[in-house]
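Participant: What follows is query-v6.csv, made up of CSV, C-alpha atoms:
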chain,number,residue,atom,x,y,z
J,1,MET,CA,17.0,-23.5,25.1
J,2,ALA,CA,16.7,-25.1,28.6
J,3,HIS,CA,13.6,-23.0,29.1
J,4,ALA,CA,10.9,-23.6,31.6
J,5,SER,CA,8.0,-25.5,30.3
J,6,ARG,CA,4.6,-26.7,31.6
J,7,SER,CA,6.1,-30.0,32.5
J,8,GLU,CA,8.8,-28.3,34.7
J,9,PRO,CA,7.0,-28.7,38.1
J,10,PHE,CA,6.5,-32.4,37.4
J,11,TRP,CA,10.3,-33.0,36.7
J,12,TRP,CA,11.3,-30.8,39.6
J,13,SER,CA,9.1,-32.8,42.1
J,14,LEU,CA,10.7,-36.0,40.9
J,15,PHE,CA,14.1,-34.3,41.3
J,16,ALA,CA,13.3,-33.3,44.8
J,17,ALA,CA,11.9,-36.7,45.8
J,18,GLY,CA,14.9,-38.4,44.3
J,19,GLY,CA,17.3,-36.0,46.1
J,20,VAL,CA,15.7,-36.9,49.4
J,21,VAL,CA,15.9,-40.6,48.8
J,22,ALA,CA,19.5,-40.4,47.6
J,23,ALA,CA,20.5,-38.2,50.6
J,24,PHE,CA,19.0,-40.6,53.1
J,25,LEU,CA,19.8,-44.0,51.6
J,26,VAL,CA,22.6,-44.0,49.0
J,27,PRO,CA,25.7,-43.4,51.3
J,28,ILE,CA,24.9,-46.4,53.6
J,29,HIS,CA,24.2,-48.7,50.6
J,30,VAL,CA,27.5,-47.6,48.9
J,31,LEU,CA,29.4,-48.1,52.2
J,32,LEU,CA,27.9,-51.5,53.0
J,33,GLU,CA,27.4,-53.1,49.6
J,34,GLY,CA,30.2,-51.5,47.7
J,35,ILE,CA,33.0,-51.4,50.3
J,36,VAL,CA,32.2,-53.4,53.5
J,37,GLY,CA,30.5,-56.3,51.8
J,38,PRO,CA,33.3,-57.0,49.2
J,39,LEU,CA,35.9,-56.7,52.0
J,40,GLY,CA,34.2,-59.6,53.8
J,41,GLY,CA,31.2,-58.0,55.6
J,42,PRO,CA,27.9,-59.9,55.9
J,43,THR,CA,25.5,-58.1,53.6
J,44,PRO,CA,22.6,-59.7,51.7
J,45,ALA,CA,24.4,-58.7,48.4
J,46,ALA,CA,27.5,-60.7,49.4
J,47,ASP,CA,26.4,-64.0,47.9
J,48,TYR,CA,23.7,-65.5,45.7
J,49,ASP,CA,21.8,-67.4,48.5
J,50,ARG,CA,21.6,-64.4,50.9
J,51,MET,CA,20.5,-62.1,48.0
J,52,HIS,CA,17.8,-64.7,47.1
J,53,ALA,CA,16.5,-64.8,50.7
J,54,TRP,CA,16.6,-60.9,50.9
J,55,LEU,CA,14.7,-60.5,47.7
J,56,ALA,CA,12.0,-63.0,48.8
J,57,SER,CA,10.3,-60.2,50.7
J,58,PRO,CA,8.0,-58.0,48.6
J,59,PHE,CA,9.1,-55.1,50.9
J,60,THR,CA,12.7,-55.5,49.7
J,61,ARG,CA,11.6,-55.3,46.0
J,62,VAL,CA,9.5,-52.2,46.5
J,63,TYR,CA,12.3,-50.6,48.6
J,64,LEU,CA,14.9,-51.3,45.9
J,65,PHE,CA,12.6,-49.9,43.2
J,66,VAL,CA,12.3,-46.6,45.1
J,67,LEU,CA,16.0,-46.6,45.8
J,68,ILE,CA,16.9,-47.0,42.1
J,69,SER,CA,14.1,-45.1,40.3
J,70,LEU,CA,13.7,-41.8,42.2
J,71,PRO,CA,17.4,-40.9,42.4
J,72,LEU,CA,17.7,-41.6,38.7
J,73,PHE,CA,15.2,-38.7,38.1
J,74,HIS,CA,17.2,-36.6,40.5
J,75,TRP,CA,20.4,-37.3,38.4
J,76,ALA,CA,18.5,-36.6,35.1
J,77,HIS,CA,17.3,-33.2,36.3
J,78,ARG,CA,20.6,-32.1,37.7
J,79,PHE,CA,22.8,-33.5,34.9
J,80,ARG,CA,20.5,-31.9,32.2
J,81,PHE,CA,21.2,-28.4,33.6
J,82,THR,CA,24.9,-29.2,34.4
J,83,LEU,CA,25.5,-30.1,30.7
J,84,ALA,CA,23.7,-26.8,29.7
J,85,ASP,CA,26.0,-24.9,32.2
J,86,LEU,CA,29.1,-26.6,30.6
J,87,GLY,CA,28.3,-25.0,27.2
J,88,LEU,CA,25.7,-27.3,25.7
J,89,SER,CA,22.7,-25.0,26.4
J,90,ARG,CA,21.9,-24.8,22.6
J,91,PHE,CA,21.0,-28.6,22.8
J,92,GLY,CA,18.7,-28.0,25.8
J,93,ALA,CA,15.7,-29.8,24.4
J,94,TRP,CA,17.8,-32.8,23.4
J,95,LEU,CA,19.5,-32.9,26.8
J,96,ALA,CA,16.1,-33.1,28.5
J,97,VAL,CA,15.0,-36.0,26.2
J,98,LEU,CA,18.2,-37.9,26.7
J,99,CYS,CA,18.4,-37.4,30.5
J,100,TYR,CA,14.8,-38.0,31.4
J,101,GLY,CA,14.7,-40.8,28.8
J,102,ALA,CA,17.6,-42.6,30.5
J,103,ALA,CA,15.9,-42.3,33.9
J,104,ILE,CA,12.7,-43.7,32.4
J,105,VAL,CA,14.6,-46.6,30.8
J,106,GLY,CA,16.4,-47.3,34.1
J,107,THR,CA,13.1,-47.2,36.0
J,108,ALA,CA,11.5,-49.7,33.5
J,109,LEU,CA,14.6,-51.9,33.8
J,110,ALA,CA,14.4,-51.8,37.6
J,111,ALA,CA,10.7,-52.7,37.6
J,112,TRP,CA,11.3,-55.6,35.2
J,113,LEU,CA,14.3,-57.0,37.0
J,114,LEU,CA,12.6,-56.7,40.4
J,115,ILE,CA,9.3,-58.3,39.2
J,116,THR,CA,11.0,-61.2,37.4
J,117,ALA,CA,13.8,-61.8,40.0
J,118,PRO,CA,13.9,-65.4,41.0
W,1,MET,CA,28.1,2.9,17.9
W,2,THR,CA,31.3,3.3,15.8
W,3,VAL,CA,31.9,6.9,17.1
W,4,ASN,CA,33.7,5.8,20.3
W,5,SER,CA,35.4,2.7,18.8
W,6,PRO,CA,39.2,2.8,18.3
W,7,PRO,CA,40.2,2.7,14.6
W,8,ASN,CA,41.1,-1.0,14.5
W,9,ALA,CA,38.5,-2.3,16.8
W,10,THR,CA,37.2,-5.7,15.8
W,11,ARG,CA,33.5,-6.4,16.2
W,12,THR,CA,33.9,-10.1,16.9
W,13,TYR,CA,32.5,-11.1,20.3
W,14,ARG,CA,35.1,-12.9,22.4
W,15,PRO,CA,33.8,-14.6,25.5
W,16,VAL,CA,35.9,-13.7,28.5
W,17,MET,CA,35.3,-17.1,30.1
W,18,SER,CA,35.4,-20.6,28.6
W,19,PRO,CA,31.8,-21.9,28.3
W,20,THR,CA,33.1,-25.3,29.7
W,21,TRP,CA,35.7,-24.4,32.3
W,22,TRP,CA,34.3,-21.1,33.7
W,23,TRP,CA,33.6,-22.7,37.1
W,24,LEU,CA,37.3,-23.3,37.8
W,25,ARG,CA,37.8,-19.6,38.3
W,26,HIS,CA,36.2,-19.3,41.7
W,27,PRO,CA,36.2,-21.8,44.7
W,28,ALA,CA,32.4,-21.3,45.2
W,29,TRP,CA,31.8,-22.2,41.6
W,30,VAL,CA,34.0,-25.4,42.0
W,31,GLN,CA,32.0,-26.3,45.0
W,32,PHE,CA,28.7,-25.8,43.1
W,33,MET,CA,30.0,-27.9,40.2
W,34,LEU,CA,31.2,-30.8,42.4
W,35,ARG,CA,27.7,-30.8,44.1
W,36,GLU,CA,26.0,-31.0,40.7
W,37,LEU,CA,28.4,-33.7,39.6
W,38,SER,CA,27.6,-35.8,42.7
W,39,SER,CA,24.4,-36.9,40.9
W,40,VAL,CA,26.6,-38.5,38.2
W,41,PHE,CA,28.4,-40.7,40.8
W,42,ILE,CA,25.0,-41.6,42.4
W,43,ALA,CA,23.6,-42.6,39.0
W,44,ALA,CA,26.7,-44.7,38.4
W,45,PHE,CA,26.0,-46.6,41.7
W,46,LEU,CA,22.3,-47.1,40.6
W,47,ALA,CA,23.5,-48.4,37.2
W,48,LEU,CA,25.8,-50.8,39.1
W,49,TYR,CA,22.8,-51.9,41.2
W,50,LEU,CA,20.8,-52.6,38.0
W,51,ALA,CA,23.8,-54.7,36.8
W,52,ARG,CA,23.7,-56.5,40.2
W,53,LEU,CA,20.1,-57.4,39.7
W,54,GLY,CA,20.8,-58.5,36.1
W,55,ALA,CA,23.7,-60.7,37.3
W,56,PHE,CA,21.4,-62.1,40.0
W,57,ALA,CA,18.7,-62.9,37.4
W,58,SER,CA,21.4,-64.7,35.3
W,59,GLY,CA,22.1,-67.2,38.1
W,60,PRO,CA,24.7,-68.1,40.8
W,61,ALA,CA,27.7,-68.2,38.5
W,62,ALA,CA,27.0,-64.8,37.0
W,63,TYR,CA,26.4,-63.3,40.5
W,64,ALA,CA,29.7,-64.8,41.8
W,65,ALA,CA,31.6,-63.3,38.9
W,66,PHE,CA,29.9,-59.9,39.6
W,67,GLN,CA,30.9,-60.2,43.3
W,68,ALA,CA,34.4,-61.1,42.3
W,69,TRP,CA,34.7,-57.9,40.3
W,70,HIS,CA,33.5,-56.0,43.4
W,71,ARG,CA,36.5,-57.3,45.4
W,72,THR,CA,39.0,-55.8,42.9
W,73,PRO,CA,41.0,-52.7,44.1
W,74,LEU,CA,39.5,-50.8,41.1
W,75,SER,CA,36.0,-51.5,42.3
W,76,ILE,CA,36.8,-50.6,46.0
W,77,ALA,CA,38.5,-47.4,44.8
W,78,LEU,CA,35.5,-46.5,42.6
W,79,HIS,CA,33.1,-47.1,45.5
W,80,VAL,CA,35.2,-44.9,47.9
W,81,LEU,CA,34.9,-42.1,45.2
W,82,ILE,CA,31.2,-42.7,44.9
W,83,LEU,CA,30.8,-42.7,48.7
W,84,ALA,CA,32.6,-39.3,48.9
W,85,PHE,CA,30.2,-37.7,46.3
W,86,ALA,CA,27.2,-39.4,48.0
W,87,LEU,CA,28.2,-37.8,51.3
W,88,LEU,CA,28.7,-34.5,49.6
W,89,HIS,CA,25.1,-34.8,48.2
W,90,SER,CA,23.6,-35.7,51.5
W,91,THR,CA,25.3,-33.0,53.6
W,92,THR,CA,24.6,-30.2,51.0
W,93,TRP,CA,21.1,-31.4,50.6
W,94,PHE,CA,20.3,-31.4,54.3
W,95,LEU,CA,22.0,-28.1,55.0
W,96,LEU,CA,20.0,-26.5,52.2
W,97,THR,CA,16.7,-28.0,53.4
W,98,PRO,CA,15.9,-25.1,55.9
W,99,LYS,CA,16.4,-22.6,53.1
W,100,ILE,CA,13.5,-24.1,51.0
W,101,ALA,CA,11.2,-25.4,53.7
W,102,ARG,CA,9.9,-23.5,56.7
W,103,VAL,CA,9.3,-25.9,59.6
W,104,HIS,CA,6.8,-24.9,62.2
W,105,VAL,CA,6.5,-26.8,65.6
W,106,ALA,CA,3.7,-25.8,68.0
W,107,GLY,CA,3.0,-22.7,66.0
W,108,ARG,CA,6.6,-21.4,66.1
W,109,SER,CA,9.0,-21.3,63.2
W,110,MET,CA,12.2,-23.3,63.8
W,111,SER,CA,15.6,-21.8,63.2
W,112,GLU,CA,17.6,-22.9,60.2
W,113,LYS,CA,20.2,-24.5,62.4
W,114,ALA,CA,17.5,-26.6,64.2
W,115,VAL,CA,15.9,-27.8,60.9
W,116,ALA,CA,19.3,-28.7,59.4
W,117,GLY,CA,20.3,-30.4,62.7
W,118,GLY,CA,17.1,-32.4,62.7
W,119,ALA,CA,17.6,-33.5,59.1
W,120,LEU,CA,21.1,-34.6,59.8
W,121,THR,CA,20.0,-36.5,62.9
W,122,ALA,CA,17.2,-38.2,60.9
W,123,TRP,CA,19.8,-39.2,58.3
W,124,ALA,CA,22.0,-40.8,61.0
W,125,ILE,CA,18.9,-42.7,62.3
W,126,VAL,CA,17.8,-43.9,58.9
W,127,SER,CA,21.4,-45.0,58.0
W,128,ALA,CA,21.6,-47.0,61.3
W,129,LEU,CA,18.2,-48.7,60.6
W,130,VAL,CA,19.3,-49.6,57.0
W,131,ALA,CA,22.6,-51.0,58.4
W,132,TRP,CA,20.7,-53.0,61.0
W,133,TRP,CA,18.4,-54.3,58.3
W,134,LEU,CA,21.2,-55.3,55.9
W,135,LEU,CA,23.7,-56.7,58.5
W,136,GLY,CA,21.2,-58.1,61.0
Can the structure in the file be given as C-alpha coordinates, please?
Facilitator:
Amino acid sequence: MAHASRSEPFWWSLFAAGGVVAAFLVPIHVLLEGIVGPLGGPTPAADYDRMHAWLASPFTRVYLFVLISLPLFHWAHRFRFTLADLGLSRFGAWLAVLCYGAAIVGTALAAWLLITAP
Amino acid sequence: MTVNSPPNATRTYRPVMSPTWWWLRHPAWVQFMLRELSSVFIAAFLALYLARLGAFASGPAAYAAFQAWHRTPLSIALHVLILAFALLHSTTWFLLTPKIARVHVAGRSMSEKAVAGGALTAWAIVSALVAWWLLG
(Lines of atoms letter the chains of each structure in order from A and count residues from 1; the text may use other names and numbers.)
(Lines give C-alpha, C1' and ligand atoms only; values in the text may rest on other atoms or scores of the structure.)
Protein backbone atom coordinates (compact mmCIF):
# COMPACT_ATOMS: atom_id res chain seq x y z
CA MET A 1 0.00 0.00 0.00
CA ALA A 2 3.05 2.27 0.16
CA HIS A 3 2.18 3.43 -3.34
CA ALA A 4 3.37 6.57 -5.04
CA SER A 5 0.92 9.41 -4.77
CA ARG A 6 0.75 12.94 -6.08
CA SER A 7 2.27 14.24 -2.82
CA GLU A 8 5.31 11.94 -3.20
CA PRO A 9 7.67 14.55 -4.79
CA PHE A 10 6.85 16.97 -1.95
CA TRP A 11 7.78 14.45 0.79
CA TRP A 12 10.82 13.30 -1.19
CA SER A 13 12.22 16.84 -1.45
CA LEU A 14 11.79 17.29 2.32
CA PHE A 15 13.54 13.91 2.76
CA ALA A 16 16.46 15.01 0.57
CA ALA A 17 16.78 18.44 2.22
CA GLY A 18 16.66 16.82 5.67
CA GLY A 19 19.23 14.24 4.59
CA VAL A 20 21.63 16.99 3.57
CA VAL A 21 21.12 18.96 6.80
CA ALA A 22 21.54 15.79 8.92
CA ALA A 23 24.65 14.71 7.00
CA PHE A 24 26.38 18.09 7.38
CA LEU A 25 25.34 19.12 10.91
CA VAL A 26 24.16 16.26 13.13
CA PRO A 27 27.50 14.45 13.81
CA ILE A 28 29.30 17.56 15.11
CA HIS A 29 26.32 18.46 17.33
CA VAL A 30 26.10 14.93 18.77
CA LEU A 31 29.86 14.92 19.40
CA LEU A 32 30.02 18.36 21.05
CA GLU A 33 26.66 18.58 22.86
CA GLY A 34 26.09 14.91 23.67
CA ILE A 35 29.64 13.76 24.49
CA VAL A 36 32.28 16.54 24.75
CA GLY A 37 29.97 19.02 26.58
CA PRO A 38 28.78 16.60 29.30
CA LEU A 39 32.39 15.46 29.83
CA GLY A 40 33.39 19.05 30.66
CA GLY A 41 33.74 20.78 27.29
CA PRO A 42 32.70 24.45 26.92
CA THR A 43 29.59 24.29 24.70
CA PRO A 44 26.63 26.73 24.88
CA ALA A 45 24.42 23.84 25.94
CA ALA A 46 26.63 23.09 28.98
CA ASP A 47 24.77 25.41 31.37
CA TYR A 48 21.68 27.61 31.53
CA ASP A 49 23.42 30.99 31.29
CA ARG A 50 25.52 30.05 28.24
CA MET A 51 22.44 28.56 26.57
CA HIS A 52 20.55 31.79 27.34
CA ALA A 53 23.27 33.92 25.73
CA TRP A 54 23.48 31.59 22.71
CA LEU A 55 19.72 31.67 22.10
CA ALA A 56 19.65 35.48 22.38
CA SER A 57 20.69 35.61 18.70
CA PRO A 58 17.83 35.20 16.19
CA PHE A 59 20.33 33.40 13.92
CA THR A 60 20.72 30.65 16.53
CA ARG A 61 16.94 30.17 16.73
CA VAL A 62 16.49 29.94 12.96
CA TYR A 63 19.51 27.61 12.73
CA LEU A 64 18.13 25.27 15.42
CA PHE A 65 14.71 25.25 13.74
CA VAL A 66 16.30 24.07 10.48
CA LEU A 67 18.53 21.57 12.35
CA ILE A 68 15.53 19.97 14.08
CA SER A 69 12.73 20.23 11.51
CA LEU A 70 14.18 19.12 8.17
CA PRO A 71 15.95 15.96 9.47
CA LEU A 72 12.67 14.97 11.18
CA PHE A 73 11.09 14.79 7.70
CA HIS A 74 14.14 12.85 6.53
CA TRP A 75 13.49 10.32 9.34
CA ALA A 76 9.74 10.21 8.61
CA HIS A 77 10.27 9.33 4.94
CA ARG A 78 12.97 6.72 5.57
CA PHE A 79 11.26 5.11 8.58
CA ARG A 80 7.93 4.88 6.75
CA PHE A 81 9.47 2.72 4.03
CA THR A 82 11.69 0.82 6.50
CA LEU A 83 8.61 -0.29 8.45
CA ALA A 84 6.97 -1.32 5.17
CA ASP A 85 10.14 -3.32 4.32
CA LEU A 86 9.93 -5.04 7.73
CA GLY A 87 6.57 -6.60 6.91
CA LEU A 88 4.11 -3.79 7.67
CA SER A 89 3.46 -2.79 4.06
CA ARG A 90 -0.28 -3.53 4.41
CA PHE A 91 -0.44 -0.54 6.81
CA GLY A 92 1.33 1.75 4.30
CA ALA A 93 -1.19 4.60 4.43
CA TRP A 94 -1.25 4.57 8.24
CA LEU A 95 2.57 4.52 8.39
CA ALA A 96 2.67 7.62 6.18
CA VAL A 97 0.20 9.47 8.40
CA LEU A 98 2.01 8.44 11.62
CA CYS A 99 5.53 9.25 10.37
CA TYR A 100 4.85 12.53 8.57
CA GLY A 101 2.44 13.46 11.38
CA ALA A 102 5.19 12.97 13.98
CA ALA A 103 7.55 15.14 11.91
CA ILE A 104 4.89 17.87 11.64
CA VAL A 105 4.24 17.75 15.42
CA GLY A 106 8.01 17.91 16.09
CA THR A 107 8.36 20.87 13.73
CA ALA A 108 5.47 22.75 15.41
CA LEU A 109 6.97 22.00 18.84
CA ALA A 110 10.40 23.24 17.71
CA ALA A 111 8.87 26.47 16.34
CA TRP A 112 6.90 27.06 19.54
CA LEU A 113 9.85 26.34 21.86
CA LEU A 114 12.24 28.52 19.82
CA ILE A 115 9.78 31.44 19.53
CA THR A 116 8.87 31.40 23.24
CA ALA A 117 12.34 30.55 24.65
CA PRO A 118 13.37 33.11 27.29
CA MET B 1 -2.12 -26.59 -12.85
CA THR B 2 -2.71 -29.78 -10.88
CA VAL B 3 -1.31 -32.00 -13.62
CA ASN B 4 2.32 -31.57 -12.58
CA SER B 5 1.74 -31.39 -8.82
CA PRO B 6 2.82 -34.30 -6.66
CA PRO B 7 -0.12 -36.18 -5.13
CA ASN B 8 0.18 -34.67 -1.65
CA ALA B 9 1.20 -31.15 -2.67
CA THR B 10 -0.25 -28.49 -0.44
CA ARG B 11 -1.47 -25.30 -2.08
CA THR B 12 -0.63 -23.12 0.90
CA TYR B 13 1.89 -20.35 0.08
CA ARG B 14 4.91 -20.48 2.39
CA PRO B 15 7.18 -17.42 2.22
CA VAL B 16 10.81 -18.48 1.91
CA MET B 17 12.04 -15.49 3.89
CA SER B 18 10.71 -13.94 7.07
CA PRO B 19 8.95 -10.65 6.20
CA THR B 20 10.75 -9.03 9.16
CA TRP B 21 14.23 -10.57 9.24
CA TRP B 22 14.95 -11.16 5.51
CA TRP B 23 17.73 -8.56 5.52
CA LEU B 24 19.88 -10.66 7.91
CA ARG B 25 20.55 -13.14 5.11
CA HIS B 26 22.97 -11.01 3.10
CA PRO B 27 25.70 -8.55 4.28
CA ALA B 28 24.64 -5.95 1.67
CA TRP B 29 21.05 -6.07 2.98
CA VAL B 30 22.32 -5.65 6.58
CA GLN B 31 24.29 -2.60 5.44
CA PHE B 32 21.17 -1.24 3.71
CA MET B 33 19.03 -1.77 6.83
CA LEU B 34 21.62 -0.14 9.15
CA ARG B 35 21.69 2.88 6.82
CA GLU B 36 17.89 3.10 6.89
CA LEU B 37 17.88 2.72 10.70
CA SER B 38 20.40 5.57 11.07
CA SER B 39 17.44 7.93 10.63
CA VAL B 40 15.89 6.54 13.85
CA PHE B 41 18.99 7.44 15.88
CA ILE B 42 19.13 10.89 14.27
CA ALA B 43 15.45 11.40 15.15
CA ALA B 44 16.22 10.31 18.76
CA PHE B 45 18.88 13.03 18.94
CA LEU B 46 16.40 15.62 17.60
CA ALA B 47 13.81 14.50 20.17
CA LEU B 48 16.46 14.97 22.87
CA TYR B 49 17.14 18.44 21.45
CA LEU B 50 13.43 19.28 21.75
CA ALA B 51 13.58 18.00 25.36
CA ARG B 52 16.63 20.25 25.92
CA LEU B 53 14.68 23.30 24.70
CA GLY B 54 11.74 22.24 26.88
CA ALA B 55 14.00 21.95 29.95
CA PHE B 56 15.52 25.35 29.12
CA ALA B 57 12.02 26.90 28.93
CA SER B 58 11.25 25.43 32.38
CA GLY B 59 14.12 27.34 33.99
CA PRO B 60 17.65 26.91 35.40
CA ALA B 61 16.78 24.07 37.81
CA ALA B 62 15.14 21.94 35.11
CA TYR B 63 18.02 22.63 32.73
CA ALA B 64 20.59 21.63 35.38
CA ALA B 65 18.70 18.36 35.95
CA PHE B 66 18.66 17.73 32.18
CA GLN B 67 22.44 18.37 32.00
CA ALA B 68 23.00 16.08 35.01
CA TRP B 69 21.31 13.24 33.10
CA HIS B 70 23.58 13.94 30.11
CA ARG B 71 26.60 13.27 32.33
CA THR B 72 25.44 9.73 33.20
CA PRO B 73 27.28 6.78 31.56
CA LEU B 74 23.95 5.72 29.99
CA SER B 75 23.60 9.06 28.19
CA ILE B 76 27.25 9.09 27.08
CA ALA B 77 26.91 5.53 25.72
CA LEU B 78 23.65 6.45 23.95
CA HIS B 79 25.30 9.48 22.33
CA VAL B 80 28.29 7.40 21.20
CA LEU B 81 25.79 5.02 19.52
CA ILE B 82 23.90 7.97 17.97
CA LEU B 83 27.22 9.42 16.75
CA ALA B 84 28.14 6.12 15.06
CA PHE B 85 24.82 6.05 13.16
CA ALA B 86 25.06 9.78 12.35
CA LEU B 87 28.53 9.17 10.83
CA LEU B 88 27.11 6.21 8.86
CA HIS B 89 24.37 8.49 7.49
CA SER B 90 26.83 11.26 6.53
CA THR B 91 29.36 8.99 4.80
CA THR B 92 26.74 6.97 2.88
CA TRP B 93 24.89 10.19 1.95
CA PHE B 94 27.97 11.95 0.58
CA LEU B 95 29.25 8.86 -1.23
CA LEU B 96 25.84 8.48 -2.94
CA THR B 97 25.65 12.17 -3.89
CA PRO B 98 27.54 11.75 -7.23
CA LYS B 99 25.16 8.94 -8.25
CA ILE B 100 22.11 11.23 -8.13
CA ALA B 101 23.67 14.59 -9.05
CA ARG B 102 25.82 15.30 -12.09
CA VAL B 103 28.15 18.18 -11.29
CA HIS B 104 29.55 20.28 -14.12
CA VAL B 105 32.49 22.64 -13.67
CA ALA B 106 33.56 24.85 -16.59
CA GLY B 107 31.43 22.79 -18.99
CA ARG B 108 32.99 19.47 -17.97
CA SER B 109 31.30 16.70 -16.01
CA MET B 110 33.19 15.89 -12.80
CA SER B 111 34.06 12.31 -11.92
CA GLU B 112 32.12 10.52 -9.17
CA LYS B 113 35.27 10.44 -7.03
CA ALA B 114 35.76 14.19 -7.36
CA VAL B 115 32.14 14.95 -6.42
CA ALA B 116 32.21 12.62 -3.39
CA GLY B 117 35.60 14.02 -2.36
CA GLY B 118 34.26 17.56 -2.65
CA ALA B 119 31.19 16.69 -0.56
CA LEU B 120 33.30 15.04 2.16
CA THR B 121 35.64 18.06 2.22
CA ALA B 122 32.67 20.44 2.50
CA TRP B 123 31.36 18.31 5.40
CA ALA B 124 34.73 18.65 7.22
CA ILE B 125 34.75 22.43 6.69
CA VAL B 126 31.12 22.85 7.89
CA SER B 127 31.86 20.68 10.96
CA ALA B 128 34.90 22.80 11.80
CA LEU B 129 32.86 26.02 11.42
CA VAL B 130 30.09 24.69 13.72
CA ALA B 131 32.70 23.57 16.28
CA TRP B 132 34.33 27.02 16.15
CA TRP B 133 30.89 28.65 16.60
CA LEU B 134 29.90 26.41 19.53
CA LEU B 135 33.25 26.37 21.34
CA GLY B 136 34.56 29.82 20.43
Participant: Find the spatial neighbours of J:Ala102, counting all atoms listed in the file, within a cut-off of 10 Å - ignore same-chain residues fewer than 4 positions away - and output them as a list in words.
Facilitator: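 Selected residues are Leu72, Phe73, Trp75, Ala76, Ala96, Val97, Leu98, Gly106, Thr107 and Ala108 of chain J.
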Participant: Using only C-alpha atoms and a distance of at most 8 Å, pull out the residues of chain J that contact chain W, as a ChimeraX atom specification.
Facilitator: /J:19-20,22-28,30-32,34-35,38-39,42-44,46-48,68,71-72,74-75,78-79,82,85-87,106,109-110,113-114,116-118
Participant: Once you have the residues from the selection above, write them out as a CSV table (one decimal), keeping the file's coordinate frame, restricted to C-alpha atoms.
Facilitator:
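Result written to result-v1.csv:
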chain,number,residue,atom,x,y,z
J,19,GLY,CA,17.3,-36.0,46.1
J,20,VAL,CA,15.7,-36.9,49.4
J,22,ALA,CA,19.5,-40.4,47.6
J,23,ALA,CA,20.5,-38.2,50.6
J,24,PHE,CA,19.0,-40.6,53.1
J,25,LEU,CA,19.8,-44.0,51.6
J,26,VAL,CA,22.6,-44.0,49.0
J,27,PRO,CA,25.7,-43.4,51.3
J,28,ILE,CA,24.9,-46.4,53.6
J,30,VAL,CA,27.5,-47.6,48.9
J,31,LEU,CA,29.4,-48.1,52.2
J,32,LEU,CA,27.9,-51.5,53.0
J,34,GLY,CA,30.2,-51.5,47.7
J,35,ILE,CA,33.0,-51.4,50.3
J,38,PRO,CA,33.3,-57.0,49.2
J,39,LEU,CA,35.9,-56.7,52.0
J,42,PRO,CA,27.9,-59.9,55.9
J,43,THR,CA,25.5,-58.1,53.6
J,44,PRO,CA,22.6,-59.7,51.7
J,46,ALA,CA,27.5,-60.7,49.4
J,47,ASP,CA,26.4,-64.0,47.9
J,48,TYR,CA,23.7,-65.5,45.7
J,68,ILE,CA,16.9,-47.0,42.1
J,71,PRO,CA,17.4,-40.9,42.4
J,72,LEU,CA,17.7,-41.6,38.7
J,74,HIS,CA,17.2,-36.6,40.5
J,75,TRP,CA,20.4,-37.3,38.4
J,78,ARG,CA,20.6,-32.1,37.7
J,79,PHE,CA,22.8,-33.5,34.9
J,82,THR,CA,24.9,-29.2,34.4
J,85,ASP,CA,26.0,-24.9,32.2
J,86,LEU,CA,29.1,-26.6,30.6
J,87,GLY,CA,28.3,-25.0,27.2
J,106,GLY,CA,16.4,-47.3,34.1
J,109,LEU,CA,14.6,-51.9,33.8
J,110,ALA,CA,14.4,-51.8,37.6
J,113,LEU,CA,14.3,-57.0,37.0
J,114,LEU,CA,12.6,-56.7,40.4
J,116,THR,CA,11.0,-61.2,37.4
J,117,ALA,CA,13.8,-61.8,40.0
J,118,PRO,CA,13.9,-65.4,41.0
Participant: Which neighbours of J:Ala111 fall inside 10 Å, counting only C-alpha atoms, when residues of the same chain fewer than 6 positions from it are skipped, and could you give them as a VMD selection string?
Facilitator: chain J and resid 61 to 62 64 to 66 68 to 69 105 117
Participant: Those selected residues, please, written with C-alpha atoms and delivered as a JSON list (two decimals), in the frame of the given file.
Facilitator:
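The resulting file, result_20.json, is reproduced below:
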[["chain", "number", "residue", "atom", "x", "y", "z"],
["J", 61, "ARG", "CA", 11.60, -55.30, 46.00],
["J", 62, "VAL", "CA", 9.50, -52.20, 46.50],
["J", 64, "LEU", "CA", 14.90, -51.30, 45.90],
["J", 65, "PHE", "CA", 12.60, -49.90, 43.20],
["J", 66, "VAL", "CA", 12.30, -46.60, 45.10],
["J", 68, "ILE", "CA", 16.90, -47.00, 42.10],
["J", 69, "SER", "CA", 14.10, -45.10, 40.30],
["J", 105, "VAL", "CA", 14.60, -46.60, 30.80],
["J", 117, "ALA", "CA", 13.80, -61.80, 40.00]]
Participant: Please compute the atom CA of J:Ala93-atom CA of W:His26 distance, one decimal, in Å.
Facilitator: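 Atom-to-atom, atom CA of J:Ala93 to atom CA of W:His26, that is 28.8 Å.
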Participant: One decimal, in Å: what's the spacing between atom CA of J:Gly18 and atom CA of J:Tyr63?
Facilitator: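 Computing it gives 13.2 Å between the two atoms.
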Participant: Quick one: distance from atom CA of J:His29 to atom CA of J:Met51 in Å, one decimal?
Facilitator: 14.1 Å
Participant: For J:Leu95, work out the shell of residues within 9 Å, counting only C-alpha atoms and skipping chain neighbours fewer than 2 positions away, then give it as a PyMOL selection string.
Facilitator: chain J and resi 2+79-81+83-84+88-89+91-93+97-100
Participant: I'd like the contact shell of W:Ile100 - 12 Å cut-off, only C-alpha atoms, skipping same-chain residues fewer than 5 positions apart - returned as JSON, numbers by chain.
Facilitator: {"J": [16], "W": [93, 94, 95, 112, 115, 116]}
